Amino acid sequence: MARANTKAWKRIPLEERKAIEAHEKRLRELPCAASRTFYQITLHHCHGGSLKDIGYHVGGGQKASDWLQIPLTSDLHVGDGGIDGAGGIGVPTWEAEHGAQVDMLKWICRELGVNVFEKAGISGIDIYN
């Protein structure tokens, strides 16, 4: 999937953009982080909830780091029971029903062999606990 060629994206150094694109390609090959199914996978930029609990927060209208993404089915992402979108249930309710985004990111780290927290500039996260 091609990424929008936005001003924000262009500000990221070329090598970093290539690394993010390669990471996103690998994410799309994984099952949904919540349901472990492969049905209609989309990438979700993690925000709020358990990320706030570890001290990571971006302001309203800002997107989280491209390294902090998880694969989700489209329904769990933007559907009526999704974490985002007009019909979404919101982060706290979603995490209570499906698990913490931080734990899903830790699973991503272990599956892909890359510490996405460090890539996003977050230190001190034990990806094995």
# chains A, B, ... in the order shown; residues from 1 in each chain; ligands from 1

$ select_by_dssp --residues "region 30-110 of chain A" --states "alpha helix (DSSP H)" --output "list in words"
Ser50, Leu51, Lys52, Asp53, Ser74, Asp75, Leu76, His77, Val78, Val91, Pro92, Thr93, Trp94, Glu95, Ala96, Glu97, His98, Gln101, Val102, Asp103, Met104, Leu105, Lys106, Trp107, Ile108, Cys109 and Arg110 of chain A

$ residues_around --residues "His44 (chain A)" --least-positions-apart "5" --cutoff "12 Å" --atoms "only C-alpha atoms" --output "PyMOL selection string"
chain A and resi 24+27-28+32-34+63-78+82-85+91+101+104-105

$ write_last_selection --atoms "N, CA, C and O atoms" --output "compact mmCIF listing (two decimals), in the first residue's frame"
# COMPACT_ATOMS: atom_id res chain seq x y z
N GLU A 24 6.30 -1.70 8.08
CA GLU A 24 4.86 -1.78 7.80
C GLU A 24 4.54 -2.97 6.91
O GLU A 24 3.52 -3.64 7.10
N LEU A 27 4.50 -5.91 9.14
CA LEU A 27 3.30 -5.89 9.99
C LEU A 27 2.09 -6.44 9.25
O LEU A 27 1.27 -7.18 9.82
N ARG A 28 1.97 -6.09 7.98
CA ARG A 28 0.82 -6.53 7.18
C ARG A 28 0.82 -8.03 6.93
O ARG A 28 -0.20 -8.59 6.54
N CYS A 32 -4.03 -10.30 13.00
CA CYS A 32 -4.53 -9.25 13.88
C CYS A 32 -3.93 -9.46 15.28
O CYS A 32 -3.94 -10.58 15.81
N ALA A 33 -3.42 -8.40 15.87
CA ALA A 33 -2.80 -8.49 17.19
C ALA A 33 -3.81 -8.82 18.28
O ALA A 33 -3.44 -9.35 19.33
N ALA A 34 -5.09 -8.56 18.05
CA ALA A 34 -6.12 -8.83 19.05
C ALA A 34 -6.78 -10.18 18.85
O ALA A 34 -6.96 -10.94 19.81
N LYS A 63 -0.40 12.22 15.23
CA LYS A 63 -0.28 10.77 15.05
C LYS A 63 0.89 10.25 15.86
O LYS A 63 1.94 10.88 15.95
N ALA A 64 0.69 9.07 16.44
CA ALA A 64 1.78 8.42 17.17
C ALA A 64 2.88 8.01 16.19
O ALA A 64 2.69 8.00 14.97
N SER A 65 4.00 7.63 16.73
CA SER A 65 5.13 7.18 15.92
C SER A 65 4.71 6.06 14.97
O SER A 65 3.92 5.18 15.33
N ASP A 66 5.26 6.08 13.77
CA ASP A 66 4.99 5.02 12.80
C ASP A 66 5.51 3.67 13.27
O ASP A 66 5.10 2.63 12.75
N TRP A 67 6.39 3.65 14.25
CA TRP A 67 6.89 2.39 14.80
C TRP A 67 5.87 1.76 15.74
O TRP A 67 5.93 0.56 16.00
N LEU A 68 4.95 2.56 16.26
CA LEU A 68 3.98 2.05 17.24
C LEU A 68 2.66 1.72 16.57
O LEU A 68 1.61 2.30 16.85
N GLN A 69 2.72 0.76 15.65
CA GLN A 69 1.54 0.30 14.92
C GLN A 69 1.33 -1.18 15.19
O GLN A 69 2.29 -1.93 15.37
N ILE A 70 0.06 -1.58 15.17
CA ILE A 70 -0.28 -2.99 15.29
C ILE A 70 -1.26 -3.35 14.17
O ILE A 70 -2.06 -2.52 13.76
N PRO A 71 -1.19 -4.59 13.68
CA PRO A 71 -2.17 -5.02 12.70
C PRO A 71 -3.49 -5.37 13.40
O PRO A 71 -3.49 -6.05 14.43
N LEU A 72 -4.59 -4.86 12.87
CA LEU A 72 -5.92 -5.16 13.40
C LEU A 72 -6.84 -5.46 12.23
O LEU A 72 -6.67 -4.92 11.14
N THR A 73 -7.87 -6.26 12.48
CA THR A 73 -8.90 -6.42 11.47
C THR A 73 -9.58 -5.06 11.31
O THR A 73 -9.58 -4.24 12.25
N SER A 74 -10.16 -4.82 10.17
CA SER A 74 -10.81 -3.53 9.95
C SER A 74 -11.93 -3.29 10.96
O SER A 74 -12.13 -2.16 11.42
N ASP A 75 -12.65 -4.35 11.34
CA ASP A 75 -13.72 -4.19 12.34
C ASP A 75 -13.17 -3.76 13.69
O ASP A 75 -13.74 -2.88 14.35
N LEU A 76 -12.06 -4.37 14.12
CA LEU A 76 -11.48 -4.01 15.41
C LEU A 76 -10.76 -2.67 15.36
O LEU A 76 -10.52 -2.06 16.40
N HIS A 77 -10.46 -2.21 14.15
CA HIS A 77 -9.79 -0.92 14.00
C HIS A 77 -10.80 0.22 13.91
O HIS A 77 -10.81 1.11 14.77
N VAL A 78 -11.68 0.18 12.90
CA VAL A 78 -12.58 1.31 12.66
C VAL A 78 -14.05 0.92 12.61
O VAL A 78 -14.90 1.75 12.29
N GLY A 82 -14.66 -0.94 17.07
CA GLY A 82 -13.25 -0.62 16.85
C GLY A 82 -12.69 0.37 17.84
O GLY A 82 -13.41 1.06 18.55
N ILE A 83 -11.37 0.44 17.84
CA ILE A 83 -10.67 1.36 18.73
C ILE A 83 -10.73 2.80 18.21
O ILE A 83 -10.70 3.74 18.98
N ASP A 84 -10.84 2.96 16.88
CA ASP A 84 -10.91 4.27 16.23
C ASP A 84 -12.17 4.35 15.38
O ASP A 84 -12.87 3.38 15.19
N GLY A 85 -12.38 5.51 14.81
CA GLY A 85 -13.48 5.67 13.87
C GLY A 85 -14.73 6.22 14.53
O GLY A 85 -14.87 6.26 15.75
N VAL A 91 -10.57 3.92 23.37
CA VAL A 91 -9.40 3.15 23.80
C VAL A 91 -9.63 2.41 25.12
O VAL A 91 -9.36 1.21 25.19
N GLN A 101 -2.77 -2.26 24.26
CA GLN A 101 -1.97 -2.01 23.06
C GLN A 101 -0.48 -2.22 23.33
O GLN A 101 0.24 -2.73 22.46
N MET A 104 0.35 -5.75 22.96
CA MET A 104 0.34 -6.13 21.54
C MET A 104 1.61 -5.64 20.85
O MET A 104 2.16 -6.34 19.99
N LEU A 105 2.09 -4.47 21.23
CA LEU A 105 3.35 -3.97 20.68
C LEU A 105 4.52 -4.85 21.13
O LEU A 105 5.45 -5.10 20.36

$ atom_distance --atom1 "CA of Leu43 (chain A)" --atom2 "CA of Thr93 (chain A)"
19.3 Å

$ residues_around --residues "Val58 (chain A)" --least-positions-apart "6" --cutoff "12 Å" --atoms "only C-alpha atoms" --output "list of chain:residue names"
A:His45, A:Cys46, A:His47, A:Gly48, A:Gly49, A:Leu51, A:Lys52, A:Ala64, A:Ser65, A:Leu68

$ select_by_dssp --residues "region 1-81 of chain A" --states "strand (DSSP E)" --output "ChimeraX atom specification"
/A:41-45,69-73

$ write_last_selection --atoms "C-alpha atoms" --output "JSON list (two decimals), in the first residue's frame"
[["chain", "number", "residue", "atom", "x", "y", "z"],
["A", 41, "ILE", "CA", -5.82, -6.44, 8.17],
["A", 42, "THR", "CA", -5.27, -2.71, 8.62],
["A", 43, "LEU", "CA", -2.52, -0.92, 10.55],
["A", 44, "HIS", "CA", -3.48, 0.98, 13.69],
["A", 45, "HIS", "CA", -1.27, 3.71, 15.19],
["A", 69, "GLN", "CA", 1.54, 0.30, 14.92],
["A", 70, "ILE", "CA", -0.28, -2.99, 15.29],
["A", 71, "PRO", "CA", -2.17, -5.02, 12.70],
["A", 72, "LEU", "CA", -5.92, -5.16, 13.40],
["A", 73, "THR", "CA", -8.90, -6.42, 11.47]]
